[in-house]
Structure formats: C-alpha cells, structure tokens
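A.B. asks: Sharing query31.json here; it has JSON, C-alpha atoms.
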```json
[["chain", "number", "residue", "atom", "x", "y", "z"],
["A", 245, "MET", "CA", 6.53, 18.49, 90.06],
["A", 246, "LYS", "CA", 9.39, 20.20, 91.85],
["A", 247, "ASN", "CA", 8.36, 22.78, 94.42],
["A", 248, "PRO", "CA", 9.03, 26.14, 92.67],
["A", 249, "MET", "CA", 10.04, 27.61, 96.03],
["A", 250, "SER", "CA", 12.59, 24.88, 96.71],
["A", 251, "MET", "CA", 15.93, 26.11, 98.03],
["A", 252, "GLU", "CA", 17.67, 22.79, 97.40],
["A", 253, "GLY", "CA", 21.34, 23.26, 96.59],
["A", 254, "GLN", "CA", 21.26, 27.01, 97.23],
["A", 255, "THR", "CA", 23.23, 29.08, 99.71],
["A", 256, "VAL", "CA", 21.75, 32.36, 100.90],
["A", 257, "ILE", "CA", 23.25, 35.15, 102.98],
["A", 258, "VAL", "CA", 20.72, 36.58, 105.43],
["A", 259, "THR", "CA", 21.60, 39.72, 107.38],
["A", 260, "GLY", "CA", 19.99, 40.52, 110.70],
["A", 261, "ALA", "CA", 19.39, 36.80, 110.99],
["A", 262, "SER", "CA", 19.36, 36.26, 114.73],
["A", 263, "GLN", "CA", 15.78, 37.33, 115.42],
["A", 264, "GLY", "CA", 12.50, 38.52, 113.96],
["A", 265, "VAL", "CA", 12.11, 38.44, 110.19],
["A", 266, "GLY", "CA", 15.73, 37.41, 109.54],
["A", 267, "LYS", "CA", 15.38, 34.40, 111.78],
["A", 268, "ALA", "CA", 12.06, 33.40, 110.20],
["A", 269, "VAL", "CA", 13.52, 33.74, 106.69],
["A", 270, "SER", "CA", 16.53, 31.62, 107.69],
["A", 271, "GLU", "CA", 14.29, 28.92, 109.14],
["A", 272, "LEU", "CA", 12.16, 28.77, 105.99],
["A", 273, "ILE", "CA", 15.18, 28.61, 103.68],
["A", 274, "VAL", "CA", 16.54, 25.65, 105.62],
["A", 275, "GLU", "CA", 13.11, 24.01, 105.72],
["A", 276, "LEU", "CA", 13.02, 24.28, 101.92],
["A", 277, "GLY", "CA", 16.41, 22.60, 101.59],
["A", 278, "GLY", "CA", 18.83, 25.53, 101.45],
["A", 279, "LYS", "CA", 21.77, 26.66, 103.52],
["A", 280, "VAL", "CA", 22.10, 30.00, 105.28],
["A", 281, "VAL", "CA", 25.07, 32.24, 105.98],
["A", 282, "ALA", "CA", 23.63, 34.16, 108.92],
["A", 283, "ILE", "CA", 25.00, 37.63, 109.69],
["A", 284, "ASP", "CA", 24.26, 39.58, 112.86],
["A", 285, "VAL", "CA", 25.96, 41.59, 115.58],
["A", 286, "LYS", "CA", 24.33, 39.40, 118.24],
["A", 287, "GLY", "CA", 26.61, 36.39, 118.62],
["A", 288, "ASP", "CA", 24.65, 34.53, 121.30],
["A", 289, "GLU", "CA", 21.43, 34.71, 119.32],
["A", 290, "LEU", "CA", 23.23, 33.52, 116.18],
["A", 291, "GLN", "CA", 24.60, 30.52, 118.04],
["A", 292, "ALA", "CA", 21.07, 29.73, 119.22],
["A", 293, "LEU", "CA", 19.96, 29.77, 115.57],
["A", 294, "VAL", "CA", 22.77, 27.37, 114.67],
["A", 295, "SER", "CA", 21.72, 25.08, 117.51],
["A", 296, "GLU", "CA", 18.12, 25.16, 116.29],
["A", 297, "LEU", "CA", 18.77, 24.57, 112.60],
["A", 298, "GLY", "CA", 22.06, 22.65, 112.71],
["A", 299, "ALA", "CA", 25.65, 23.59, 111.96],
["A", 300, "ASP", "CA", 25.39, 21.82, 108.60],
["A", 301, "ASN", "CA", 22.65, 24.24, 107.58],
["A", 302, "VAL", "CA", 23.73, 27.55, 109.09],
["A", 303, "ASP", "CA", 27.04, 29.44, 109.29],
["A", 304, "ALA", "CA", 27.12, 32.06, 112.06],
["A", 305, "CYS", "CA", 29.00, 35.23, 111.09],
["A", 306, "VAL", "CA", 29.16, 37.85, 113.84],
["A", 307, "GLY", "CA", 29.70, 41.40, 112.62],
["A", 308, "SER", "CA", 28.11, 44.54, 111.21],
["A", 309, "VAL", "CA", 26.89, 45.08, 107.66],
["A", 310, "ALA", "CA", 28.21, 48.63, 108.04],
["A", 311, "ASP", "CA", 31.76, 47.21, 108.08],
["A", 312, "PRO", "CA", 32.86, 46.66, 104.44],
["A", 313, "LYS", "CA", 35.89, 44.55, 105.38],
["A", 314, "PHE", "CA", 33.72, 42.20, 107.44],
["A", 315, "VAL", "CA", 31.19, 41.90, 104.62],
["A", 316, "GLU", "CA", 33.83, 41.18, 101.99],
["A", 317, "GLU", "CA", 35.51, 38.58, 104.22],
["A", 318, "THR", "CA", 32.18, 36.91, 104.97],
["A", 319, "VAL", "CA", 31.30, 36.66, 101.28],
["A", 320, "ARG", "CA", 34.76, 35.34, 100.43],
["A", 321, "ASN", "CA", 34.61, 32.68, 103.18],
["A", 322, "ALA", "CA", 31.09, 31.64, 102.16],
["A", 323, "VAL", "CA", 32.16, 31.15, 98.54],
["A", 324, "THR", "CA", 35.18, 29.14, 99.64],
["A", 325, "LYS", "CA", 33.06, 26.87, 101.82],
["A", 326, "HIS", "CA", 29.93, 26.48, 99.69],
["A", 327, "GLY", "CA", 31.23, 27.11, 96.19],
["A", 328, "ALA", "CA", 28.64, 29.77, 95.39],
["A", 329, "ILE", "CA", 26.22, 32.24, 96.90],
["A", 330, "ASN", "CA", 22.83, 32.06, 95.21],
["A", 331, "GLY", "CA", 20.91, 34.59, 97.23],
["A", 332, "LEU", "CA", 21.06, 37.55, 99.57],
["A", 333, "VAL", "CA", 18.40, 38.87, 101.92],
["A", 334, "ASN", "CA", 19.36, 42.38, 103.06],
["A", 335, "ASN", "CA", 17.34, 42.43, 106.25],
["A", 336, "ALA", "CA", 19.57, 44.01, 108.93],
["A", 337, "GLY", "CA", 18.10, 47.21, 110.32],
["A", 338, "ILE", "CA", 17.95, 49.47, 113.36],
["A", 339, "ILE", "CA", 15.79, 52.37, 114.50],
["A", 340, "ARG", "CA", 16.76, 55.57, 116.31],
["A", 341, "THR", "CA", 13.66, 57.64, 116.93],
["A", 342, "ALA", "CA", 13.37, 61.43, 117.22],
["A", 343, "MET", "CA", 11.37, 64.22, 115.69],
["A", 344, "ILE", "CA", 13.19, 66.04, 112.86],
["A", 345, "GLU", "CA", 14.08, 69.12, 114.92],
["A", 346, "ASN", "CA", 15.56, 66.92, 117.63],
["A", 347, "MET", "CA", 17.26, 64.32, 115.44],
["A", 348, "SER", "CA", 20.96, 64.14, 116.23],
["A", 349, "ARG", "CA", 23.55, 63.60, 113.52],
["A", 350, "GLU", "CA", 24.59, 60.47, 115.43],
["A", 351, "TYR", "CA", 21.08, 59.01, 115.16],
["A", 352, "TRP", "CA", 20.94, 59.93, 111.46],
["A", 353, "ASP", "CA", 24.32, 58.37, 110.69],
["A", 354, "GLN", "CA", 23.68, 55.17, 112.65],
["A", 355, "VAL", "CA", 20.47, 54.37, 110.78],
["A", 356, "ILE", "CA", 21.81, 55.35, 107.35],
["A", 357, "ASP", "CA", 25.00, 53.32, 107.91],
["A", 358, "VAL", "CA", 23.12, 50.09, 108.70],
["A", 359, "ASN", "CA", 19.82, 50.42, 106.84],
["A", 360, "LEU", "CA", 21.08, 51.98, 103.61],
["A", 361, "THR", "CA", 24.86, 51.80, 103.27],
["A", 362, "GLY", "CA", 24.82, 48.29, 104.74],
["A", 363, "VAL", "CA", 22.37, 47.20, 102.02],
["A", 364, "TYR", "CA", 24.64, 48.68, 99.34],
["A", 365, "THR", "CA", 27.77, 47.10, 100.84],
["A", 366, "CYS", "CA", 26.28, 43.60, 101.00],
["A", 367, "LEU", "CA", 24.61, 43.87, 97.60],
["A", 368, "GLN", "CA", 27.86, 45.01, 95.99],
["A", 369, "ALA", "CA", 29.96, 42.24, 97.56],
["A", 370, "VAL", "CA", 27.49, 39.48, 96.71],
["A", 371, "GLY", "CA", 26.79, 40.94, 93.26],
["A", 372, "ARG", "CA", 30.49, 40.93, 92.38],
["A", 373, "HIS", "CA", 30.66, 37.24, 93.22],
["A", 374, "MET", "CA", 27.52, 36.47, 91.24],
["A", 375, "LEU", "CA", 28.82, 38.32, 88.18],
["A", 376, "GLU", "CA", 32.13, 36.48, 88.37],
["A", 377, "ARG", "CA", 30.61, 33.01, 88.50],
["A", 378, "ILE", "CA", 28.04, 33.85, 85.82],
["A", 379, "LYS", "CA", 30.84, 34.98, 83.50],
["A", 380, "GLU", "CA", 32.49, 31.61, 84.17],
["A", 381, "GLY", "CA", 29.36, 29.87, 82.88],
["A", 382, "ASP", "CA", 27.58, 29.12, 86.15],
["A", 383, "LYS", "CA", 23.85, 29.49, 85.49],
["A", 384, "SER", "CA", 22.60, 28.63, 88.98],
["A", 385, "PRO", "CA", 20.01, 31.03, 90.47],
["A", 386, "SER", "CA", 21.08, 34.51, 91.54],
["A", 387, "SER", "CA", 18.56, 36.55, 93.49],
["A", 388, "ILE", "CA", 18.68, 39.45, 95.95],
["A", 389, "VAL", "CA", 15.86, 40.67, 98.18],
["A", 390, "ASN", "CA", 16.26, 44.01, 99.96],
["A", 391, "ILE", "CA", 13.99, 44.66, 102.91],
["A", 392, "SER", "CA", 12.32, 48.06, 102.72],
["A", 393, "SER", "CA", 9.21, 49.35, 104.47],
["A", 394, "VAL", "CA", 5.98, 51.23, 103.96],
["A", 395, "ALA", "CA", 7.90, 54.04, 105.69],
["A", 396, "GLY", "CA", 10.05, 54.29, 102.57],
["A", 397, "ARG", "CA", 6.96, 54.97, 100.48],
["A", 398, "ARG", "CA", 4.91, 57.30, 102.69],
["A", 399, "GLY", "CA", 7.22, 58.48, 105.47],
["A", 400, "SER", "CA", 7.00, 57.90, 109.21],
["A", 401, "ILE", "CA", 6.64, 60.42, 112.02],
["A", 402, "GLY", "CA", 9.67, 60.50, 114.29],
["A", 403, "GLN", "CA", 11.73, 58.37, 111.92],
["A", 404, "ILE", "CA", 12.98, 60.59, 109.10],
["A", 405, "ASN", "CA", 16.29, 58.69, 109.15],
["A", 406, "TYR", "CA", 14.55, 55.32, 108.83],
["A", 407, "SER", "CA", 12.15, 56.61, 106.15],
["A", 408, "ALA", "CA", 15.04, 58.06, 104.12],
["A", 409, "ALA", "CA", 17.01, 54.83, 104.36],
["A", 410, "LYS", "CA", 14.09, 52.64, 103.37],
["A", 411, "SER", "CA", 13.24, 54.93, 100.45],
["A", 412, "GLY", "CA", 16.86, 54.71, 99.37],
["A", 413, "VAL", "CA", 16.63, 50.92, 99.42],
["A", 414, "LEU", "CA", 13.95, 51.15, 96.73],
["A", 415, "GLY", "CA", 16.35, 53.12, 94.54],
["A", 416, "ILE", "CA", 19.16, 50.63, 95.13],
["A", 417, "THR", "CA", 16.80, 47.82, 94.15],
["A", 418, "MET", "CA", 15.76, 49.40, 90.86],
["A", 419, "GLY", "CA", 19.28, 50.47, 89.93],
["A", 420, "ALA", "CA", 20.78, 47.05, 90.60],
["A", 421, "ALA", "CA", 17.94, 45.29, 88.79],
["A", 422, "LYS", "CA", 18.55, 47.40, 85.68],
["A", 423, "GLU", "CA", 22.33, 46.93, 85.73],
["A", 424, "TRP", "CA", 22.36, 43.22, 86.44],
["A", 425, "GLY", "CA", 19.23, 41.99, 84.69],
["A", 426, "ARG", "CA", 21.13, 41.08, 81.51],
["A", 427, "HIS", "CA", 23.25, 38.73, 83.61],
["A", 428, "GLY", "CA", 20.21, 36.98, 85.07],
["A", 429, "ILE", "CA", 20.58, 38.48, 88.55],
["A", 430, "ARG", "CA", 17.19, 39.43, 89.96],
["A", 431, "VAL", "CA", 16.85, 42.20, 92.57],
["A", 432, "ASN", "CA", 13.59, 42.99, 94.36],
["A", 433, "SER", "CA", 12.48, 44.60, 97.58],
["A", 434, "ALA", "CA", 9.92, 43.62, 100.19],
["A", 435, "CYS", "CA", 8.05, 46.50, 101.82],
["A", 436, "PHE", "CA", 6.79, 45.58, 105.27],
["A", 437, "GLY", "CA", 4.09, 47.22, 107.32],
["A", 438, "VAL", "CA", 3.83, 46.39, 111.00],
["A", 439, "VAL", "CA", 5.46, 43.06, 111.82],
["A", 440, "ALA", "CA", 5.37, 41.82, 115.42],
["A", 441, "THR", "CA", 9.07, 42.19, 116.30],
["A", 442, "GLU", "CA", 11.09, 44.09, 118.90],
["A", 443, "MET", "CA", 11.44, 47.03, 116.48],
["A", 444, "THR", "CA", 7.67, 47.61, 116.39],
["A", 445, "GLU", "CA", 6.89, 47.33, 120.09],
["A", 446, "VAL", "CA", 6.10, 51.05, 120.39],
["A", 447, "VAL", "CA", 3.88, 51.08, 117.29],
["A", 448, "ARG", "CA", 1.98, 48.07, 118.60],
["A", 449, "SER", "CA", 1.59, 49.53, 122.09],
["A", 450, "GLU", "CA", -1.79, 50.61, 123.43],
["A", 451, "LYS", "CA", -0.96, 54.27, 122.66],
["A", 452, "PHE", "CA", -0.55, 53.78, 118.90],
["A", 453, "ARG", "CA", -2.15, 50.42, 118.16],
["A", 454, "ASP", "CA", -5.57, 51.64, 117.05],
["A", 455, "THR", "CA", -4.12, 54.40, 114.86],
["A", 456, "TYR", "CA", -2.16, 51.89, 112.80],
["A", 457, "MET", "CA", -4.78, 49.14, 112.90],
["A", 458, "LYS", "CA", -7.33, 51.46, 111.26],
["A", 459, "GLN", "CA", -5.00, 51.82, 108.26],
["A", 460, "ILE", "CA", -4.39, 48.09, 107.75],
["A", 461, "VAL", "CA", -6.92, 46.61, 105.34],
["A", 462, "LEU", "CA", -6.59, 43.11, 106.82],
["A", 463, "GLU", "CA", -7.10, 44.62, 110.30],
["A", 464, "ARG", "CA", -4.23, 42.79, 111.99],
["A", 465, "PHE", "CA", -0.47, 42.92, 112.41],
["A", 466, "SER", "CA", 1.68, 40.23, 110.82],
["A", 467, "ASP", "CA", 4.25, 37.97, 112.38],
["A", 468, "PRO", "CA", 7.76, 37.22, 111.09],
["A", 469, "GLU", "CA", 6.83, 33.75, 109.83],
["A", 470, "GLU", "CA", 4.03, 35.17, 107.68],
["A", 471, "VAL", "CA", 6.11, 37.82, 105.90],
["A", 472, "ALA", "CA", 9.07, 35.42, 105.52],
["A", 473, "LYS", "CA", 7.03, 33.45, 102.98],
["A", 474, "GLY", "CA", 6.84, 36.44, 100.66],
["A", 475, "VAL", "CA", 10.55, 37.13, 101.00],
["A", 476, "VAL", "CA", 11.51, 33.55, 100.16],
["A", 477, "PHE", "CA", 9.05, 33.57, 97.25],
["A", 478, "MET", "CA", 10.93, 36.51, 95.71],
["A", 479, "LEU", "CA", 14.22, 34.78, 96.41],
["A", 480, "SER", "CA", 13.10, 31.54, 94.78],
["A", 481, "GLU", "CA", 12.64, 30.39, 91.20],
["A", 482, "ALA", "CA", 8.88, 30.81, 91.71],
["A", 483, "ALA", "CA", 9.61, 34.50, 91.02],
["A", 484, "SER", "CA", 12.00, 33.84, 88.13],
["A", 485, "TYR", "CA", 10.50, 36.61, 85.94],
["A", 486, "ILE", "CA", 10.16, 39.24, 88.65],
["A", 487, "THR", "CA", 12.86, 41.88, 89.10],
["A", 488, "GLY", "CA", 13.11, 45.54, 90.09],
["A", 489, "GLN", "CA", 9.83, 45.34, 91.99],
["A", 490, "HIS", "CA", 8.76, 46.59, 95.41],
["A", 491, "ILE", "CA", 6.31, 44.04, 96.73],
["A", 492, "SER", "CA", 4.27, 45.19, 99.70],
["A", 493, "ILE", "CA", 3.80, 42.59, 102.41],
["A", 494, "ASP", "CA", 1.83, 44.86, 104.71],
["A", 495, "GLY", "CA", -1.78, 43.68, 104.95],
["A", 496, "GLY", "CA", -2.87, 46.58, 102.76],
["A", 497, "LEU", "CA", -1.33, 49.32, 104.94],
["A", 498, "HIS", "CA", 0.10, 51.10, 101.87],
["A", 499, "ILE", "CA", -3.35, 51.46, 100.35],
["A", 500, "GLY", "CA", -5.14, 51.97, 103.67],
["A", 501, "PHE", "CA", -7.12, 55.04, 104.66]]
```
Show me, as structure tokens, the structure contained in the file I just sent.
C.D. replies:
Amino acid sequence: MKNPMSMEGQTVIVTGASQGVGKAVSELIVELGGKVVAIDVKGDELQALVSELGADNVDACVGSVADPKFVEETVRNAVTKHGAINGLVNNAGIIRTAMIENMSREYWDQVIDVNLTGVYTCLQAVGRHMLERIKEGDKSPSSIVNISSVAGRRGSIGQINYSAAKSGVLGITMGAAKEWGRHGIRVNSACFGVVATEMTEVVRSEKFRDTYMKQIVLERFSDPEEVAKGVVFMLSEAASYITGQHISIDGGLHIGF
C-alpha cells in the first residue's frame, strides 16, 4: 500500500523555511519524496537548508512574503522549473510585542503585513496557478496549509497585532476553502500552541513557563519536528476529504484550564 502521506512527485512552497517549523516541514516533505521551494528573508540559513537536503530537493528563494512582486516571481519561476506547484505552507511569521496602549503603528503594520497580508499574497499567487492547471485538466493534488495559532482563537496578552493576524488567517482559510473547493483545492489551517522555537523563547522562560504549562493538557511544549507531522498530514492525500478546517496542534492548550 502506498504511504498516504507520500509527497512523491509533488512540489511545495514553504514560507519561513529557514528555521523552526518551516525548516522541519521542509525536511519532512523531502523525506517523504517531495521537493520544496523554500522562501525566507534569511539567505544564509536558506543556503544551509539547501546544503542539508540537497539542491535537487530544495530551491532557495530569498525575499519577503510581504512583497507581492517577489511572491509572484517566485511562483512563476517554480512553475517553470517544476511544471506545477502542488502545495503551499504559509508559515512565515514575526512578532512585535507591546501592550495595546503602547503598540506603535509600525509594530502593528509589520506583523499584519507578514502574518496576514503575506498569507493572502502567497495563497492568491499559488491559487491562481492551481486554478489554471486544473482548468487545463491537471488533476494532481492541490493543497494549502496556513499556519495560525491558539492566539488567533483566544487572544494573547501583549500581542494584539499577532492575535489579530492569526485570527484573520482562519477567515482566509475558510473563505478560500469555500471558493476553491469545487476545483478540488483544499485549504486548511494549523493552530499551534507553544512550539520550542526562537519566537517562543519569552513564553518558555522561567517567568512565564509555569503559567502556560498549566494550560497545556499534555503538560509539555512541542518541538518543530512534532508539529510538522500534522502540517504535512493536512498537506498530503491522507487528508484528501478535509478542507476549511482549523486543526489544533497544541497539546490541548485550546481546551486547557
């Protein structure tokens, strides 16, 4: 029996691919036989990923998801090289922390531009390509996974910009799933809790660790490799009848006390 999570013959764009969850997702896609178009603003880290996984398996594309021209060019080049894009993992994200009364417009705009508008920009560019090839009779898999967060469902102190963006990602996911479902394009979101990455260093520090740990049903933080499995599941044909869903990969944080 073929592995239902096989990525054989599939090309997937992964944003924020140089580290953390994006890197772990890229590694798993390649391990399962797929190819990755890796997007990130960190060129050195992207080159390290290429060295690790092989230039035949990974294309390094240095740029920001908040730049529509870069995104469109990247999608166009990927299609030219690989023939098709079968998947997108909208993972790129940043944080700029401040309490509401002290939040600057600059901090607000920076997070919204990357974490929300960047998701829309990449989804639109990849979706246009998918629709075009589907209309030409190509029935190969087409799946998009947007990375959201428990913060998008219940808010987060000191991160109203991040919470708003991640909540918006849920709306993008449902809207795209409804519009594109009849074409066979699946769109889902993964809602993370506390993953051990650079972005969660403060949350996992001694000052806040116990507060969050008490809310996590499994009583531990996750690592990028663990949550990557759920992301690739949604991307794969193992989830062929799942669309428009927000799947929590958070150890029970969303239902915690």
A.B. asks: Hey, can you check how far CA of Asp303 in chain A sits from CA of Ile257 in chain A?
C.D. replies: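 CA of Ile257 in chain A lies 9.3 Å from CA of Asp303 in chain A.
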A.B. asks: Between A:Val274, A:Gly425, A:Ile339, A:Val370, single out the one closest to Glu316 in chain A, counting all atoms listed in the file.
C.D. replies: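 Comparing A:Val274, A:Gly425, A:Ile339, A:Val370 against Glu316 in chain A, the winner is A:Val370.
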A.B. asks: So how many Å separate CA of Asn330 in chain A and CA of Val394 in chain A, to one decimal?
C.D. replies: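 Taking CA of Asn330 in chain A and CA of Val394 in chain A, their separation equals 27.0 Å.
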A.B. asks: Give me the residues near Gly419 in chain A as number ranges by chain, where near means some atom within 12 Å (using only C-alpha atoms) and where sequence neighbours in that chain fewer than 4 positions away do not count.
C.D. replies: A: 364, 367-368, 412-415, 423-425, 430-433, 487-489
A.B. asks: Write the selection just made, keeping C-alpha atoms, as a short mmCIF file (atom, residue, chain, number, x, y, z; two decimals), in the frame of the given file?
C.D. replies:
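Listed below is the output, selection-v9.cif:
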```cif
data_model
loop_
_atom_site.label_atom_id
_atom_site.label_comp_id
_atom_site.auth_asym_id
_atom_site.auth_seq_id
_atom_site.Cartn_x
_atom_site.Cartn_y
_atom_site.Cartn_z
CA TYR A 364 24.64 48.68 99.34
CA LEU A 367 24.61 43.87 97.60
CA GLN A 368 27.86 45.01 95.99
CA GLY A 412 16.86 54.71 99.37
CA VAL A 413 16.63 50.92 99.42
CA LEU A 414 13.95 51.15 96.73
CA GLY A 415 16.35 53.12 94.54
CA GLU A 423 22.33 46.93 85.73
CA TRP A 424 22.36 43.22 86.44
CA GLY A 425 19.23 41.99 84.69
CA ARG A 430 17.19 39.43 89.96
CA VAL A 431 16.85 42.20 92.57
CA ASN A 432 13.59 42.99 94.36
CA SER A 433 12.48 44.60 97.58
CA THR A 487 12.86 41.88 89.10
CA GLY A 488 13.11 45.54 90.09
CA GLN A 489 9.83 45.34 91.99
#
```
A.B. asks: Which residue out of A:Val358, A:Val256, A:Leu297, A:Ile493 has the minimum interatomic distance to Ser480 in chain A when only C-alpha atoms are used?
C.D. replies: A:Val256
A.B. asks: With distances taken over only C-alpha atoms, which of A:Ala282, A:Ile391, A:Arg340, A:Gly371 is nearest to Val476 in chain A?
C.D. replies: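 Smallest separation from Val476 in chain A among the options: A:Ile391.
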A.B. asks: Compile a residue-level contact table for range 352-378 of chain A against range 400-408 of chain A at a cut-off of 9 Å, reporting for every qualifying residue the shortest atom pair and its distance in Å to one decimal, with all atoms listed in the file counted, rows ordered by chain and ascending number, as JSON lines.
C.D. replies:
```
{"residue": "A:Trp352", "atom": "CA", "partner": "A:Asn405", "partner_atom": "CA", "distance": 5.3}
{"residue": "A:Asp353", "atom": "CA", "partner": "A:Asn405", "partner_atom": "CA", "distance": 8.2}
{"residue": "A:Gln354", "atom": "CA", "partner": "A:Asn405", "partner_atom": "CA", "distance": 8.9}
{"residue": "A:Val355", "atom": "CA", "partner": "A:Asn405", "partner_atom": "CA", "distance": 6.2}
{"residue": "A:Ile356", "atom": "CA", "partner": "A:Asn405", "partner_atom": "CA", "distance": 6.7}
{"residue": "A:Asn359", "atom": "CA", "partner": "A:Tyr406", "partner_atom": "CA", "distance": 7.5}
{"residue": "A:Leu360", "atom": "CA", "partner": "A:Ala408", "partner_atom": "CA", "distance": 8.6}
```
A.B. asks: Using all atoms listed in the file, which residues sit within 12 Å of Gln263 in chain A once same-chain residues fewer than 5 positions away are excluded, as JSON, numbers by chain?
C.D. replies: {"A": [258, 268, 269, 270, 271, 282, 283, 284, 285, 286, 287, 288, 289, 290, 291, 292, 293, 335, 336, 337, 440, 441, 442, 443, 467, 468, 469]}
A.B. asks: Could you check how far CA of Ser392 in chain A sits from CA of Ile499 in chain A, in Å to one decimal?
C.D. replies: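 The value is 16.2 Å.
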A.B. asks: Considering all atoms listed in the file, can you say which of A:Gln459, A:Arg426, A:Leu332, A:Gly264 comes closest to Leu479 in chain A?
C.D. replies: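 Checking each of A:Gln459, A:Arg426, A:Leu332, A:Gly264 against Leu479 in chain A, counting all atoms listed in the file, the winner is A:Leu332.
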A.B. asks: What would range 305-330 of chain A look like with N, CA and C atoms in place, written as a short mmCIF file (atom, residue, chain, number, x, y, z; two decimals), in the coordinates of the input?
C.D. replies:
```
data_model
loop_
_atom_site.label_atom_id
_atom_site.label_comp_id
_atom_site.auth_asym_id
_atom_site.auth_seq_id
_atom_site.Cartn_x
_atom_site.Cartn_y
_atom_site.Cartn_z
N CYS A 305 27.98 34.22 111.38
CA CYS A 305 29.00 35.23 111.09
C CYS A 305 28.67 36.49 111.89
N VAL A 306 29.44 36.73 112.93
CA VAL A 306 29.16 37.85 113.84
C VAL A 306 29.89 39.11 113.37
N GLY A 307 29.11 40.15 113.08
CA GLY A 307 29.70 41.40 112.62
C GLY A 307 28.63 42.32 112.08
N SER A 308 29.04 43.52 111.68
CA SER A 308 28.11 44.54 111.21
C SER A 308 28.14 44.69 109.70
N VAL A 309 26.98 44.85 109.11
CA VAL A 309 26.89 45.08 107.66
C VAL A 309 27.45 46.45 107.29
N ALA A 310 27.64 47.31 108.29
CA ALA A 310 28.21 48.63 108.04
C ALA A 310 29.73 48.59 107.95
N ASP A 311 30.31 47.41 108.14
CA ASP A 311 31.76 47.21 108.08
C ASP A 311 32.12 46.52 106.76
N PRO A 312 32.58 47.25 105.76
CA PRO A 312 32.86 46.66 104.44
C PRO A 312 33.86 45.51 104.48
N LYS A 313 34.88 45.61 105.30
CA LYS A 313 35.89 44.55 105.38
C LYS A 313 35.27 43.26 105.91
N PHE A 314 34.41 43.38 106.91
CA PHE A 314 33.72 42.20 107.44
C PHE A 314 32.83 41.58 106.38
N VAL A 315 32.09 42.40 105.66
CA VAL A 315 31.19 41.90 104.62
C VAL A 315 31.97 41.18 103.53
N GLU A 316 33.03 41.79 103.06
CA GLU A 316 33.83 41.18 101.99
C GLU A 316 34.45 39.85 102.45
N GLU A 317 34.92 39.82 103.68
CA GLU A 317 35.51 38.58 104.22
C GLU A 317 34.45 37.50 104.36
N THR A 318 33.27 37.88 104.81
CA THR A 318 32.18 36.91 104.97
C THR A 318 31.78 36.31 103.63
N VAL A 319 31.65 37.15 102.61
CA VAL A 319 31.30 36.66 101.28
C VAL A 319 32.40 35.73 100.75
N ARG A 320 33.63 36.15 100.91
CA ARG A 320 34.76 35.34 100.43
C ARG A 320 34.79 33.97 101.12
N ASN A 321 34.60 33.95 102.43
CA ASN A 321 34.61 32.68 103.18
C ASN A 321 33.43 31.79 102.79
N ALA A 322 32.27 32.41 102.55
CA ALA A 322 31.09 31.64 102.16
C ALA A 322 31.29 30.98 100.80
N VAL A 323 31.90 31.70 99.88
CA VAL A 323 32.16 31.15 98.54
C VAL A 323 33.16 30.00 98.64
N THR A 324 34.18 30.19 99.46
CA THR A 324 35.18 29.14 99.64
C THR A 324 34.55 27.87 100.21
N LYS A 325 33.67 28.03 101.17
CA LYS A 325 33.06 26.87 101.82
C LYS A 325 31.98 26.21 100.97
N HIS A 326 31.11 27.02 100.36
CA HIS A 326 29.93 26.48 99.69
C HIS A 326 30.05 26.44 98.17
N GLY A 327 31.04 27.12 97.63
CA GLY A 327 31.23 27.11 96.19
C GLY A 327 30.53 28.25 95.48
N ALA A 328 29.40 28.68 96.01
CA ALA A 328 28.64 29.77 95.39
C ALA A 328 27.66 30.35 96.39
N ILE A 329 27.33 31.60 96.17
CA ILE A 329 26.22 32.24 96.90
C ILE A 329 25.12 32.48 95.88
N ASN A 330 23.95 31.95 96.15
CA ASN A 330 22.83 32.06 95.21
C ASN A 330 21.86 33.16 95.56
#
```
